[in-house]
Amino acid sequence: MDQRFEGQPKAEIRLEGRRLIRGEVTNDWGSQLIWEIRRNGEVAATAAARANESYEVTETAPGQYEVVLRMFNYEGYEKDKDGKYTKSKFVDVSNKLTWTV
């Protein structure tokens, strides 16, 4: 039985102080959901987002920050020599927020 990815998952996120808050995920595939926080274009942190609808930002280093919700899109078992999926990947499922510290 093949897994079907019908519709594109979507959620709205917002920042209140240092707390990130997500709304309901529509067209949810039920796969891994994470917060991805980038500082100056590089991934600074990731955190599970499925069980909790909020995340407290602990990063304090100066820089330009961006955050987005991402969900795993599983397309098969195929992996490269380093054990990383070649077809399956995380995809953005929310708006992006940016701020400067």
# chains A, B, ... in the order shown; residues from 1 in each chain; ligands from 1

$ residues_around --residues "range 21-29 of chain A" --least-positions-apart "6" --cutoff "7 Å" --atoms "only C-alpha atoms" --output "list in words"
Phe5, Gly7, Gln8, Pro9, Lys10, Ala11, Glu12, Ile13, Arg14, Leu15, Glu53, Ser54 and Tyr55 of chain A

$ residues_around --residues "range 30-42 of chain A" --least-positions-apart "3" --cutoff "6 Å" --atoms "only C-alpha atoms" --output "ChimeraX atom specification"
/A:45-50,63-72

$ atom_distance --atom1 "CA of Glu59 in chain A" --atom2 "CA of Glu16 in chain A"
14.9 Å

$ atom_distance --atom1 "CA of Asn73 in chain A" --atom2 "CA of Thr86 in chain A"
11.5 Å

$ select_by_dssp --residues "chain A" --states "strand (DSSP E)" --output "VMD selection string"
chain A and resid 13 to 16 19 to 22 33 to 39 42 to 48 54 to 56 64 to 73 89 to 92 97 to 100

$ residues_around --residues "Gly76 in chain A" --least-positions-apart "6" --cutoff "9 Å" --atoms "only C-alpha atoms" --output "ChimeraX atom specification"
/A:85-88
